[in-house]
Each structure stands twice: as structure tokens, then as C-alpha cells.
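Asks: If it helps, the file is called query-v7.txt and holds compact mmCIF, C-alpha atoms:
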# COMPACT_ATOMS: atom_id res chain seq x y z
CA MET A 1 -94.14 38.72 1.91
CA ARG A 2 -93.12 42.05 3.41
CA ILE A 3 -89.95 43.79 2.28
CA LEU A 4 -88.27 46.86 3.73
CA VAL A 5 -86.21 48.80 1.16
CA VAL A 6 -83.76 51.30 2.67
CA GLU A 7 -82.44 53.36 -0.24
CA ASP A 8 -81.70 57.12 -0.40
CA ASP A 9 -82.07 57.25 -4.20
CA ARG A 10 -85.81 57.94 -4.23
CA ARG A 11 -86.21 57.15 -7.91
CA LEU A 12 -84.61 53.72 -7.49
CA ALA A 13 -86.56 53.11 -4.28
CA GLU A 14 -89.85 53.84 -6.05
CA LEU A 15 -88.90 51.62 -8.99
CA LEU A 16 -88.19 48.79 -6.56
CA ARG A 17 -91.47 49.40 -4.74
CA ARG A 18 -93.46 49.18 -7.96
CA GLY A 19 -91.55 46.26 -9.41
CA LEU A 20 -91.57 44.16 -6.26
CA GLY A 21 -95.20 45.08 -5.66
CA ALA A 22 -96.06 43.61 -9.05
CA GLU A 23 -94.36 40.39 -7.91
CA GLY A 24 -96.73 40.18 -4.94
CA PHE A 25 -94.46 41.68 -2.28
CA VAL A 26 -95.60 44.36 0.15
CA VAL A 27 -92.88 47.01 0.13
CA GLU A 28 -92.16 49.74 2.68
CA LEU A 29 -89.54 52.41 2.05
CA ALA A 30 -87.03 54.31 4.16
CA TYR A 31 -84.63 56.89 2.74
CA ASP A 32 -81.97 57.13 5.43
CA GLY A 33 -80.15 54.84 7.85
CA ARG A 34 -81.81 55.91 11.07
CA GLY A 35 -85.32 55.68 9.61
CA GLY A 36 -84.53 52.28 8.15
CA LEU A 37 -83.13 51.03 11.45
CA HIS A 38 -86.25 52.15 13.31
CA LEU A 39 -88.60 50.42 10.87
CA ALA A 40 -86.49 47.27 10.79
CA VAL A 41 -86.50 46.98 14.59
CA GLU A 42 -90.16 47.86 15.10
CA GLY A 43 -91.68 46.14 12.05
CA ALA A 44 -92.03 42.54 10.91
CA TYR A 45 -90.39 41.92 7.53
CA ASP A 46 -89.44 38.82 5.60
CA VAL A 47 -86.36 40.46 4.08
CA ILE A 48 -84.58 43.84 4.08
CA VAL A 49 -82.91 45.47 1.06
CA LEU A 50 -80.30 47.79 2.52
CA ASP A 51 -78.21 50.31 0.58
CA VAL A 52 -74.68 50.85 1.91
CA MET A 53 -74.27 54.58 1.25
CA LEU A 54 -77.05 56.09 3.36
CA PRO A 55 -77.30 59.48 5.07
CA GLY A 56 -77.26 59.52 8.86
CA LEU A 57 -76.18 55.93 9.36
CA ASN A 58 -74.58 53.81 6.64
CA GLY A 59 -75.82 50.36 5.73
CA TYR A 60 -72.96 48.54 7.44
CA ARG A 61 -73.78 50.22 10.76
CA VAL A 62 -77.52 49.67 10.32
CA CYS A 63 -76.96 45.95 9.73
CA ALA A 64 -74.56 45.64 12.66
CA ARG A 65 -77.01 47.35 15.02
CA LEU A 66 -79.84 45.11 13.86
CA ARG A 67 -77.81 42.02 14.69
CA GLU A 68 -76.77 43.50 18.04
CA ALA A 69 -80.46 44.07 18.80
CA GLY A 70 -81.24 40.44 18.02
CA VAL A 71 -83.06 41.18 14.74
CA TRP A 72 -82.17 38.38 12.33
CA THR A 73 -84.34 39.31 9.37
CA PRO A 74 -82.40 38.40 6.20
CA VAL A 75 -80.54 41.42 4.79
CA LEU A 76 -79.50 41.94 1.17
CA MET A 77 -76.92 44.73 0.82
CA LEU A 78 -77.29 46.95 -2.26
CA THR A 79 -74.37 49.18 -3.24
CA ALA A 80 -72.39 50.82 -6.01
CA LYS A 81 -69.18 49.47 -4.47
CA ASP A 82 -67.88 46.29 -6.04
CA GLY A 83 -64.60 45.62 -4.23
CA GLU A 84 -64.11 42.30 -2.47
CA TYR A 85 -63.26 44.07 0.80
CA ASP A 86 -66.53 46.00 0.66
CA GLU A 87 -68.41 42.75 0.13
CA ALA A 88 -66.53 41.13 2.99
CA GLU A 89 -67.35 44.06 5.29
CA GLY A 90 -71.04 43.79 4.45
CA LEU A 91 -71.12 40.07 5.15
CA ASP A 92 -69.04 40.46 8.30
CA THR A 93 -71.55 42.93 9.75
CA GLY A 94 -74.30 40.32 9.39
CA ALA A 95 -75.68 40.73 5.87
CA ASP A 96 -76.90 37.58 4.13
CA ASP A 97 -76.28 38.61 0.53
CA TYR A 98 -74.62 41.42 -1.43
CA VAL A 99 -75.58 42.90 -4.84
CA THR A 100 -73.75 45.66 -6.70
CA LYS A 101 -75.30 48.37 -8.86
CA PRO A 102 -76.22 48.24 -11.66
CA PHE A 103 -77.95 44.93 -11.05
CA SER A 104 -80.24 42.54 -12.86
CA TYR A 105 -83.78 42.97 -11.55
CA VAL A 106 -84.61 39.33 -12.32
CA ALA A 107 -81.55 38.20 -10.36
CA LEU A 108 -82.44 40.52 -7.47
CA VAL A 109 -85.93 39.02 -7.17
CA ALA A 110 -84.47 35.50 -7.29
CA ARG A 111 -82.00 36.37 -4.53
CA LEU A 112 -84.76 37.84 -2.37
CA ARG A 113 -86.86 34.70 -2.77
CA ALA A 114 -83.84 32.58 -1.91
CA LEU A 115 -83.34 34.59 1.29
CA VAL A 116 -87.00 34.14 2.21
CA ARG A 117 -86.70 30.42 1.48
CA ARG A 118 -83.79 30.14 3.89
CA GLY A 119 -85.60 32.54 6.22
CA GLY A 120 -85.70 32.44 9.96
CA PRO A 121 -86.38 29.28 11.94
CA GLU A 122 -89.66 30.65 13.24
CA ARG A 123 -91.33 30.52 9.79
CA PRO A 124 -91.92 27.25 7.95
CA SER A 125 -90.91 27.13 4.29
CA THR A 126 -94.36 25.84 3.32
CA LEU A 127 -97.63 26.94 4.93
CA ARG A 128 -100.21 24.17 5.25
CA VAL A 129 -103.92 24.30 5.97
CA GLY A 130 -105.29 20.80 5.58
CA ASP A 131 -104.28 19.65 2.08
CA LEU A 132 -103.78 23.24 0.94
CA ARG A 133 -100.06 24.08 0.61
CA VAL A 134 -98.73 27.60 0.12
CA ASP A 135 -95.03 28.07 -0.63
CA PRO A 136 -94.01 31.76 -0.27
CA ALA A 137 -90.52 31.21 -1.66
CA THR A 138 -91.57 29.64 -4.97
CA ARG A 139 -94.92 31.51 -5.12
CA THR A 140 -96.78 28.25 -5.70
CA CYS A 141 -99.98 26.87 -4.23
CA HIS A 142 -101.33 23.30 -4.30
CA ARG A 143 -104.59 21.67 -3.26
CA GLY A 144 -103.50 18.10 -2.76
CA SER A 145 -101.49 17.23 -5.90
CA THR A 146 -103.15 19.93 -8.02
CA GLU A 147 -101.22 23.15 -8.60
CA LEU A 148 -103.45 26.24 -8.53
CA SER A 149 -102.98 29.27 -10.77
CA LEU A 150 -103.21 32.50 -8.77
CA THR A 151 -102.42 36.12 -9.60
CA ALA A 152 -99.69 37.84 -7.56
CA ARG A 153 -102.27 39.68 -5.45
CA GLU A 154 -104.44 36.61 -4.92
CA PHE A 155 -101.38 34.70 -3.78
CA ALA A 156 -100.42 37.52 -1.38
CA VAL A 157 -103.89 37.53 0.20
CA LEU A 158 -103.88 33.73 0.55
CA GLU A 159 -100.36 33.73 1.97
CA TYR A 160 -101.35 36.24 4.67
CA LEU A 161 -104.46 34.23 5.59
CA ALA A 162 -102.33 31.06 5.71
CA ARG A 163 -99.74 32.68 7.99
CA ARG A 164 -102.62 33.53 10.32
CA GLY A 165 -104.22 30.11 9.80
CA GLY A 166 -107.13 29.50 12.18
CA GLU A 167 -107.22 33.14 13.31
CA VAL A 168 -109.84 35.74 12.43
CA VAL A 169 -108.29 38.43 10.21
CA THR A 170 -110.02 41.77 9.53
CA LYS A 171 -110.22 43.45 6.13
CA HIS A 172 -108.02 46.26 7.45
CA GLU A 173 -105.34 43.77 8.51
CA VAL A 174 -105.36 42.24 5.05
CA LEU A 175 -105.05 45.69 3.46
CA GLU A 176 -102.22 46.67 5.79
CA ASN A 177 -100.23 43.52 5.07
CA VAL A 178 -100.99 42.87 1.39
CA TRP A 179 -101.41 46.35 -0.09
CA ASP A 180 -98.97 49.17 0.62
CA GLU A 181 -99.30 52.40 2.57
CA ALA A 182 -100.17 54.35 -0.59
CA PHE A 183 -103.43 52.42 -1.13
CA GLU A 184 -106.43 54.73 -0.85
CA GLY A 185 -109.16 52.57 -2.37
CA ASP A 186 -112.23 50.88 -0.92
CA VAL A 187 -111.62 48.38 1.86
CA ASN A 188 -114.11 46.09 0.15
CA ILE A 189 -111.48 45.28 -2.48
CA VAL A 190 -110.55 42.53 -0.01
CA GLU A 191 -113.94 40.88 -0.62
CA VAL A 192 -113.22 40.79 -4.35
CA TYR A 193 -109.98 38.86 -3.83
CA VAL A 194 -111.45 36.54 -1.22
CA SER A 195 -114.27 35.68 -3.65
CA ALA A 196 -111.73 35.00 -6.40
CA LEU A 197 -109.74 32.75 -4.08
CA ARG A 198 -112.83 30.78 -3.11
CA ARG A 199 -113.56 30.14 -6.78
CA LYS A 200 -110.03 28.80 -7.28
CA ILE A 201 -109.03 26.99 -4.09
CA ASP A 202 -112.38 25.84 -2.68
CA ALA A 203 -115.23 25.55 -5.21
CA PRO A 204 -113.55 23.12 -7.67
CA PHE A 205 -112.72 20.77 -4.78
CA GLY A 206 -115.99 20.99 -2.87
CA ARG A 207 -114.24 22.69 0.05
CA HIS A 208 -115.01 25.63 2.30
CA THR A 209 -111.78 26.73 3.92
CA ILE A 210 -112.05 30.54 3.73
CA HIS A 211 -114.72 31.36 6.27
CA THR A 212 -116.47 34.70 6.69
CA VAL A 213 -116.82 35.65 10.34
CA ARG A 214 -119.72 38.08 10.32
CA GLY A 215 -118.80 41.51 11.65
CA ALA A 216 -115.16 40.50 12.12
CA GLY A 217 -113.40 39.31 8.96
CA TYR A 218 -112.10 36.03 7.54
CA ARG A 219 -110.54 32.84 8.82
CA LEU A 220 -108.62 30.23 6.84
CA ALA A 221 -109.18 26.82 8.41
CA ALA A 222 -109.00 23.21 7.20
CA GLU A 223 -112.31 22.14 8.72
CA ASP A 224 -115.64 23.03 7.18
CA THR A 225 -117.32 24.90 10.05
CA ARG A 226 -120.50 25.96 8.24
CA PRO A 227 -123.60 25.52 10.37
Would you mind writing the structure in this file as C-alpha cells?

Replies:
Amino acid sequence: MRILVVEDDRRLAELLRRGLGAEGFVVELAYDGRGGLHLAVEGAYDVIVLDVMLPGLNGYRVCARLREAGVWTPVLMLTAKDGEYDEAEGLDTGADDYVTKPFSYVALVARLRALVRRGGPERPSTLRVGDLRVDPATRTCHRGSTELSLTAREFAVLEYLARRGGEVVTKHEVLENVWDEAFEGDVNIVEVYVSALRRKIDAPFGRHTIHTVRGAGYRLAAEDTRP
């Protein structure tokens, strides 16, 4: 799941990036209202964490402009204000949830997952490829009735492949959508995670659903298309 965090407190923004990254989210950061608005309009995110007190353009105005532009990505407002009128203003401009600082990190993650679960109508709550079910909101994966144990990064790779089910996905696309912009490692790290996923979701069940397309990348498909 991709999250945009728009927060001018760089220390807090970095803490959120690291913490949410450990939960399996891909996090992009913006430090002012105009930059956040640009990324939110041009990018594809599952949820946006939007601070109210931002330089250039405050969070209320950013949210209002997003809705005016037809961008309905769920927005969680994050602010030091705790008055009921401030909360009402945030919700009236189109925000979906409102959290005041200081906040519980555990509760924040739960609220973000709830927003993703409600999500937009264009994304199903559960991704299915044959009898493989991937639920981004609860971070669970099942093969038939068997629940599979995946690490946060393994789940993120599988989720991306499932969202692109049936399509060929390159290693660079996986890196771009599962790792963050600060990643400077070897692109072949993708192979390591794909191999781990095969050992967990395919091998124990005699399946072959993650296909290597030579010279192109990977495809997640229900049918076994080996020659």
C-alpha cells in the first residue's frame, strides 16, 4: 500500500516513513502544502496523511482542492489542534478521518488500515488470484483455507503482484512500488523476495502462480502456464 505523508516537521515525517515502512507500507514524503498537492494529484496512493499547519498551503485547502479536482484518495488529517470546530472544518473540506498530536502510533496505523479497507470503489477489499486471497487491509494472505505467514516486505511484494494480476511486472516496477525512493541497493533483491514467496505460497501446495517472464519480469496468474 502506498501512503503520502504531507508533514512539515521533518523529524516526525521521517519517523512516520520508517515506522510505516516497517509495517509494509511504501511511504512518500512532502514537506509543504503545494508539494503535497502536486504529488497527491499526480501520484497513485491508497491513503494520504495530511498535516493541517503546512507552509504555502494549509491542509484544509489542500484537501479541498483535491476533492475539487476529483481526487478521492482517503485523507487522514494530522494536527496539533484539538477543538471540535477544527475537526469539523477538516471533515467538511473532505477529510475522512482526523487525529490530533500527540497520537498513538498503534491507533494511527489501525486508522490508516481502516481507511484503506473502506477505500475507493475501484479497488476490491480482497485481491484474488485463483484460490490465493490477499487482503491489504488486514495484511493477511490465504491459499484456500490455509493462512500463510509472510513478512511485511514479502506481503508488500505479493500485494503489488496481485494488484497487477495477469500482467507482466518488471523488477524496477516492483522496486518503485514496494521499496521507497531512498533505496539504493541491487535490483536483484526482488528475486530474493520472489523466491521466498514461491517457497511459501506455491511449493507447499504444488502450485506455480508466480511466473518468470524471461527478459521482462514476473506475472502472478492462477493458471500454471509452464511449458

Asks: Using all atoms listed in the file, which residue out of A:Pro74, A:Gly185, A:Gly144, A:Gly130 lies closest to Ala162 (chain A)?

Replies: A:Gly130

Asks: Nearest to Phe25 (chain A): which of A:Tyr60, A:Trp179, A:Tyr193, A:Tyr218 is it, counting all atoms listed in the file?

Replies: A:Trp179

Asks: Of the residues A:Thr170, A:Ser195, A:Thr100, A:Thr151, which is the one nearest to Arg219 (chain A), using only C-alpha atoms?

Replies: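 That would be A:Thr170, the residue with the smallest distance to Arg219 (chain A).
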
Asks: Taking (-96.3, 47.8, -6.6) in the file's coordinates as the center, which residues reach within 12 Å of it, counting all atoms listed in the file, put as a VMD selection string?

Replies: chain A and resid 2 to 3 13 to 29 152 to 153 178 to 183

Asks: Measuring between only C-alpha atoms, which one of A:Val157, A:Ala216, A:Leu37, A:Val49 shows the shortest distance to Val5 (chain A)?

Replies: A:Val49

Asks: Do a neighbour search on Asp135 (chain A) at 10 Å with only C-alpha atoms, toss out local chain neighbours closer than 5 positions, and write the hits as a list in words.

Replies: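 Near neighbours after the sequence-gap exclusion: Arg117, Pro124, Ser125, Thr126, Leu127, Arg128, Thr140, Cys141, His142, Phe155 and Glu159 of chain A.
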
Asks: Using all atoms listed in the file for the distances, tell me which of A:Ala69, A:Ile189, A:Leu76, A:Val213 is nearest to Arg113 (chain A).

Replies: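 When distances to Arg113 (chain A) are compared using all atoms listed in the file, the smallest one comes from A:Leu76.
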
Asks: If we draw a sphere of 10 Å around (-77.1, 34.4, 0.6), which residues have at least one atom in it when counting only C-alpha atoms? Please report them as a compact mmCIF listing (two decimals) with C-alpha atoms, in the coordinates of the input.

Replies:
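Listed below is the output, part_15.txt:
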# COMPACT_ATOMS: atom_id res chain seq x y z
CA PRO A 74 -82.40 38.40 6.20
CA VAL A 75 -80.54 41.42 4.79
CA LEU A 76 -79.50 41.94 1.17
CA LEU A 91 -71.12 40.07 5.15
CA ALA A 95 -75.68 40.73 5.87
CA ASP A 96 -76.90 37.58 4.13
CA ASP A 97 -76.28 38.61 0.53
CA TYR A 98 -74.62 41.42 -1.43
CA ARG A 111 -82.00 36.37 -4.53
CA LEU A 112 -84.76 37.84 -2.37
CA ALA A 114 -83.84 32.58 -1.91
CA LEU A 115 -83.34 34.59 1.29
CA ARG A 118 -83.79 30.14 3.89

Asks: Would you kindly return, as number ranges by chain, each protein, DNA or RNA residue with an atom no farther than 12 Å from any atom of His38 (chain A), considering all atoms listed in the file and excluding same-chain residues fewer than 4 positions away?

Replies: A: 4, 6, 29-34, 42-44, 57, 62-63, 65-66, 69, 71

Asks: Find the distance between CA of Leu78 (chain A) and CA of Val41 (chain A) and write it in Å to one decimal.

Replies: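 If I compute the distance from CA of Leu78 (chain A) to CA of Val41 (chain A), I get 19.2 Å.
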
Asks: One decimal, in Å: what's the spacing between CA of Asp51 (chain A) and CA of Tyr105 (chain A)?

Replies: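 We find that CA of Asp51 (chain A) and CA of Tyr105 (chain A) lie 15.2 Å from each other.
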
Asks: Please, what distance in Å, to one decimal, runs between CA of Glu147 (chain A) and CA of Leu108 (chain A)?

Replies: 25.6 Å

Asks: Would you please work out which residue, of A:Ile201, A:Ala156, A:Ile48, A:Ile210, is nearest to Val116 (chain A) when using all atoms listed in the file?

Replies: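 Ranked by minimum distance to Val116 (chain A), first place goes to A:Ile48.
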